[in-house]
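Q: Questions regarding the structure given below will be posed in turn.
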Amino acid sequence: MTEEKHVLSILVDNKPGVLSRIAGLFSGRGYNIESLCVAETMEEGVSRITLVTQANLPLVEQIKKQLNKLINVIKVFDMTEAQYVQRELALIKVTAKPENRAEILRIVDIFRCKVVDVGMDHYTIEVTGDEGKLTAIRGLLKPMGIKEIARTGMIALFRDAK
Amino acid sequence: MKLSGAQILMKALKDEGVDTIFGYPGGAVIDIYDELVKTDIRHVLVRHEQGAVHAADGYARAAGKVGVCLVTSGPGATNTVTGIASAYMDSIPMVVITGQVPRGLIGNDAFQEVDIVGITRPCTKHNYLVESTESLARIIKEAFYIARSGRPGPVLVDIPKDVVNMRIHYKEPAKINMRSYNPTINPNKRQLQKVVSLVEKARRPVIFAGGGIILSKASEELTRFARHAQIPVTTSLMGLGAFPGSDPLWLGMIGMHGTYRANMSTSECDLLIAIGVRFDDRVTGKTDAFAAQAEIVHIDIDPTSIRKNIPVTVPVVGDCRAALTTLNEMLGEADLNGIADKRQKWFARIEEWKALSRLAYQQGEVIKPQYVVEKLYELTKGDAIITTEVGQNQMWAAQFYHFNQPNHFITSGGLGVMGFGLPAAIGAQIAQPDRLVVDIAGDGSIQMNIQEMATAVQCCLPVKVVILNNGYLGMVRQWQELFYDKRYACTCMDHAPDFVKLAEAYGAVGLRATTPDEVEAVLKRGLSNYKDRPVIMDFVVDKEESVYPMVPAGAPITEMLLV
Ligand SMILES: Cc1ncc(C[n+]2csc(CCOP(=O)(O)OP(=O)(O)O)c2C)c(N)n1
Ligand SMILES: [Mg+2]
């Protein structure tokens, strides 16, 4: 059976140890985590974990059921089942030699990114977008020499209120 | 009213109806013990914390209540892990209270500090570190609720010493309101309707029932269902007693050491109704070949059990008893006239399988272990509560003791923990003081928690231990015989203590049988006397007897090695 990417949005009680229950579930049962992102929601005491995993259909069903079984999990949404918007933020520190600076700024402009830090020989660029955009800009900056990248992991919301 | 954490804990336990605690004291729980002895809660002082957890397990199963343990921090807590893991796999309702170092010391590698919440996260249904005295009453209430509701399981509550000592103004905990925990009890009626139509049309149906029937107290409903719809029944190890072993519809246990007819009929059925089971690999063998011709109905309260190992035609999430009650109502209206006729061919087929291979052994010069279990069954008329250790002894108990009622077979099914049977028997005996409780044991396993003999003697418990003494870690030896060319690597246990003297050293009674003609006399003497202390009966049995039938691990369950 083919494996597909699934974006799970998990509402949890904001209590100590909840993240480790979820991480432990995935490691203990051999499920894969591609990225994971946690923050509070509007509602006090509730956090949202956005987790990206690769799995075939029966397995992703099992993953969702196992998540729901955790006492601190309030609700699990599989974003992949409907229309959703996704974003990820990356900070890219790219080597900025004098001869490259203009080219880098052009790329930043086209991708509507921001330069958030400038050094003697680098720019740090903030990029927000979906996975495709992040991959694309990385590809373009690579020839100049990427020193470091930090990524947040994906966050997502359904398009229609659900 | 100002109360200390320890007083609040006692109040909370009383509110939950706790009358017995299995435990072992230590520095971190000394204040709790100081309060505990002022209450009328009975404390059973075990000799090892693992014993406390298995005893609470046996108690929970025999009493149908939540088992409770109390142990200290650090080593006391880590000693409970095996017992908790066993209770988790067998879905036994249990609350384990562990002491913890004071809050200010947590994270400092303090003396006897261990992150027991972290350690037990994957083997508890849920666990808590109590962070304030104010939250203690609520947490205890939630812990019992979680332990006993839905699919039951162990819940651990870790209480720092200063939380216990702090005095606060006590407030009754509010009604439990957990929006993140709402087990589905009542199954979807439309799904059940589908089950009814499948039952009506099936030519070769089989019911496969498990521990869920016992946990949800659904044996009567199951029996009514099977008899009314004329469907033969097999069970998992955990399900033994869920359906009467004397009923003509009984197929025997399924799986690796199941009966030939149970495995064959499961493989050839056209409808498999699985209720309160989780399709363990010891049941299914090779999953692709399991019930390959059947439409499969799976009723279970835990959605993760459904479609985890086996594809299912009709999934039904809900409590087994609720589901069976509704099914029985629906079937009452359905047209089942002539259903018995319709099944004639199927029943005839099953009879053929039965004739082809029965559970059997040849009693010769030396005592056969099966003979001991069979005699035990005869002498107790099948009425005893049987606990087991793990290995061949466990399988012979399952095969040759026939269970007609639920909660009479108490075994570590999912984890298979050696050393389970004796402490579990202690717990069961405390829950059912007037019943006969027998631990069917192996010579290896019994040594894993033998120290609990002292507990049984101290509590004047008439627990009977029947050791099937083959001088081997027999089940492992059997695998070595069959699959490793008889290379008996480290399974010979010829340096065992003299169990008769050992019993006497503990202040218990020790008896021994070495020849077949002594078996009955020893059993009779051991079972009918000594009402105020435990008895060990040491049966020196055939060293190399094996458990048959057997399905090699991973093979289809039809590929059985027969006697
Ligand atoms: C705690 C633990 N350790 C190891 C095992 C592996 N094991 C399964 S059965 C068995 C042999 C048990 O020997 P004994 O108690 O003498 O029972 P027999 O099979 O001989 O009846 C062993 C070692 C286990 N199940 N549990
Ligand atoms: Mg043995």
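In the structure tokens, each chain is lettered A, B, ... as it comes, each chain's residues begin at 1, and ligands are numbered from 1 in order of appearance.
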Write as a list in words the residues around ligand 2, taking 8 Å as the cut-off and counting only C-alpha atoms and all ligand atoms.
A: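 I would give the residues around ligand 2 as Gly391, Gln392, Asn393, Gly442, Asp443, Gly444, Ser445, Leu468, Asn469, Asn470, Gly471, Tyr472, Leu473, Gly474, Met475 and Met493 of chain B.
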Q: Once you have the residues from the selection above, write them out as an mmCIF file, in the first residue's frame, restricted to C-alpha atoms.
A:
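Final file, selection00.cif:
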```cif
data_model
loop_
_atom_site.group_PDB
_atom_site.id
_atom_site.type_symbol
_atom_site.label_atom_id
_atom_site.label_comp_id
_atom_site.auth_asym_id
_atom_site.auth_seq_id
_atom_site.Cartn_x
_atom_site.Cartn_y
_atom_site.Cartn_z
ATOM 1 C CA GLY B 391 4.815 -21.425 30.420
ATOM 2 C CA GLN B 392 3.601 -24.965 29.932
ATOM 3 C CA ASN B 393 1.839 -24.918 33.302
ATOM 4 C CA GLY B 442 5.896 -24.118 37.125
ATOM 5 C CA ASP B 443 9.072 -24.804 39.068
ATOM 6 C CA GLY B 444 10.787 -21.882 37.358
ATOM 7 C CA SER B 445 8.042 -19.290 37.642
ATOM 8 C CA LEU B 468 4.099 -28.935 37.916
ATOM 9 C CA ASN B 469 7.759 -29.575 38.613
ATOM 10 C CA ASN B 470 9.511 -30.657 35.424
ATOM 11 C CA GLY B 471 12.948 -29.345 36.342
ATOM 12 C CA TYR B 472 12.925 -27.211 33.231
ATOM 13 C CA LEU B 473 11.902 -23.829 31.976
ATOM 14 C CA GLY B 474 9.593 -26.123 30.138
ATOM 15 C CA MET B 475 8.012 -23.929 27.523
ATOM 16 C CA MET B 493 16.617 -25.894 36.292
#
```
Q: Considering only C-alpha atoms, tabulate each residue of chain B that lies at most 7 Å from chain A along with its nearest interatomic pair and the corresponding distance in Å to one decimal; arrange the rows by chain and ascending residue number and present them as JSON lines.
A:
```
{"residue": "B:Arg121", "atom": "CA", "partner": "A:Arg21", "partner_atom": "CA", "distance": 6.8}
{"residue": "B:His126", "atom": "CA", "partner": "A:Ile71", "partner_atom": "CA", "distance": 6.7}
{"residue": "B:Arg179", "atom": "CA", "partner": "A:Ile74", "partner_atom": "CA", "distance": 6.7}
{"residue": "B:Ser180", "atom": "CA", "partner": "A:Ile74", "partner_atom": "CA", "distance": 4.1}
{"residue": "B:Tyr181", "atom": "CA", "partner": "A:Ile71", "partner_atom": "CA", "distance": 5.6}
{"residue": "B:Pro303", "atom": "CA", "partner": "A:Lys65", "partner_atom": "CA", "distance": 6.4}
{"residue": "B:Thr304", "atom": "CA", "partner": "A:Lys65", "partner_atom": "CA", "distance": 5.4}
{"residue": "B:Lys308", "atom": "CA", "partner": "A:Gln62", "partner_atom": "CA", "distance": 6.6}
```
Q: With only C-alpha atoms as the atoms that count, which of B:Arg343, B:Lys14, B:Arg525, B:Arg103 lies nearest to Val164 of chain B?
A: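 Closest to Val164 of chain B, using only C-alpha atoms: B:Arg103.
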Q: As a PyMOL selection string, please: all residues of segment 6-134 of chain A that backbone DSSP puts in helix (DSSP H, G or I).
A: chain A and resi 18-28+57-69+79-81+101-110+131-134
Q: Which of these residues is nearest to Arg282 of chain B, using only C-alpha atoms: B:Thr313, B:Asn188, B:Lys2, B:Gly554?
A: B:Gly554
Q: Quote the spacing between atom 2 (C, counted along the ligand's line) of ligand 1 and atom CA of Tyr484 of chain B in Å to one decimal place.
A: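 Going from atom 2 (C, counted along the ligand's line) of ligand 1 over to atom CA of Tyr484 of chain B covers 20.2 Å.
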Q: Write out as a ChimeraX atom specification which residues come within 9 Å of segment 121-130 of chain A when counting only C-alpha atoms, dropping same-chain ones fewer than 5 positions away.
A: /A:85-98,101,104,108,111-116,135,137,147,154
Q: So which one's closest to Lys342 of chain B, B:Ser86, B:Thr380, B:Gln230, B:Thr455? Using only C-alpha atoms, please.
A: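 Closest candidate: B:Gln230.
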Q: Check the DSSP output for the backbone and give back, as a PyMOL selection string, the residues of segment 93-159 of chain A in strand (DSSP E).
A: chain A and resi 93-95+114-118+122-129+146-151+155-158
Q: Would you mind listing what lies within 12 Å of Val540 of chain B as a list in words, with only C-alpha atoms counted and same-chain residues fewer than 5 positions away left out?
A: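 Everything that qualifies: Glu365, Val366, Ile367, Lys368, Pro369, Tyr371, Val372, Gly442, Asp443, Val466, Ile467, Leu468, Asn469, Asn470, Gly471, Tyr472, Asp498, Phe499, Val500, Leu511, Arg512, Ala513, Thr514, Thr515, Pro516, Glu518, Val519, Val522 and Glu545 of chain B.
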